[in-house]
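Engineer: This structure is in structure tokens; I'll ask about it shortly.
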Amino acid sequence: MTVSTQVVAPDAPMLAAATAAATVREPARAAVLRGLAYGGLLLALLLAALTIVLPTVLGAVPLTVLSNSMAPGLPAGSLAIVQPTKGTVPADGLTVMAPDAIRDINDTSGITAGDIIVFQPHGGDATLVMHRVQSMSSTVAAASGQISHTFTTRGDALTVDDAPVADHQVRGVVLYSLPLLGYVNNALNAGGSARWVTGLVVIAGYGVAIYYATRALRASRPSHRG
């Protein structure tokens with residue numbers, strides 16, 4: 001059997017077309033990667049602003065939602081950014097103060113129906129509840145003229161109102177929330193290896209986003225050859 005060893009030269013127009021197609025695909029792929037890198041960086045910066053910068057500026061604190069009583073808007077695992085009505089949330093020092101003394105330093109005057117508040121149902125227990133205000137009422141003490149507020153609250157996923165919430169039980173108002181980030185918050189606040197591992201993952205994520213965004217930025221700049 002005879003085998004031909006003749007080499008057939010590629011057709012010039014076909015080679016040119018293939019080269020042109022490859023040239024078009026390369027900038028398109030670079031553009032997609034650049035868009036993904038910029039998007040990742042912007043997302044990382046936005047999350048940093050919402051979870052660190054803005055709460056710090058507002059004096060707010062992050063709290064993890066532990067139950068689904070406020071689902072679907074505020075499901076378990078969400079991170080709620082809470083504006084304290086006084087000092088810290090929870091303010092452990094308030095558990096040993098008289099209600100009238102707490103009321104003097106605990107500003108609940110701006111709370112209205114529809115707000116989601118954080119309250120401490122039992123003075124000797126630091127457990128907090130995060131439910132929506134359905135209605136409120138005010139009373140004025142005849143002797144002192146002091147105004148007190150009482151709130152009716154209920155979880156969005158529930159059908160029964162909570163026991164009346166007095167103003168001295170309120171600890172804060174939810175400003176906004178972020179889904180799933182409560183799990184990250186819990187891990188960062190946990191002791192042992194979980195905290196370190198989560199912290200390293202978060203730092204690595206920011207590092208990767210910044211690296212690819214920087215790389216994409218450099219690749220988009222025209223090169224100048226001397």
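By order of appearance in the structure tokens: chains A, B, ..., then residues from 1 within every chain, and ligands from 1 in the order shown.
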Considering only C-alpha atoms, return as an MDAnalysis selection string whatever protein or nucleic-acid residues lie within 10 Å of stretch 113-125 of chain A, sequence-local ones (same chain, fewer than 4 positions apart) excluded.
Structural biologist: chainID A and resid 63 70 82:85 89:92 94:99 108 129:136 151:156 162:176
Engineer: Leaving out A:Asp104 and any residue of its chain fewer than 3 positions from it, which residues lie within 10 Å of it when counting only C-alpha atoms, given as a list in words?
Structural biologist: Pro99, Asp100, Ala101, Asp107, Gln146, Ile147, Ser148 and His168 of chain A
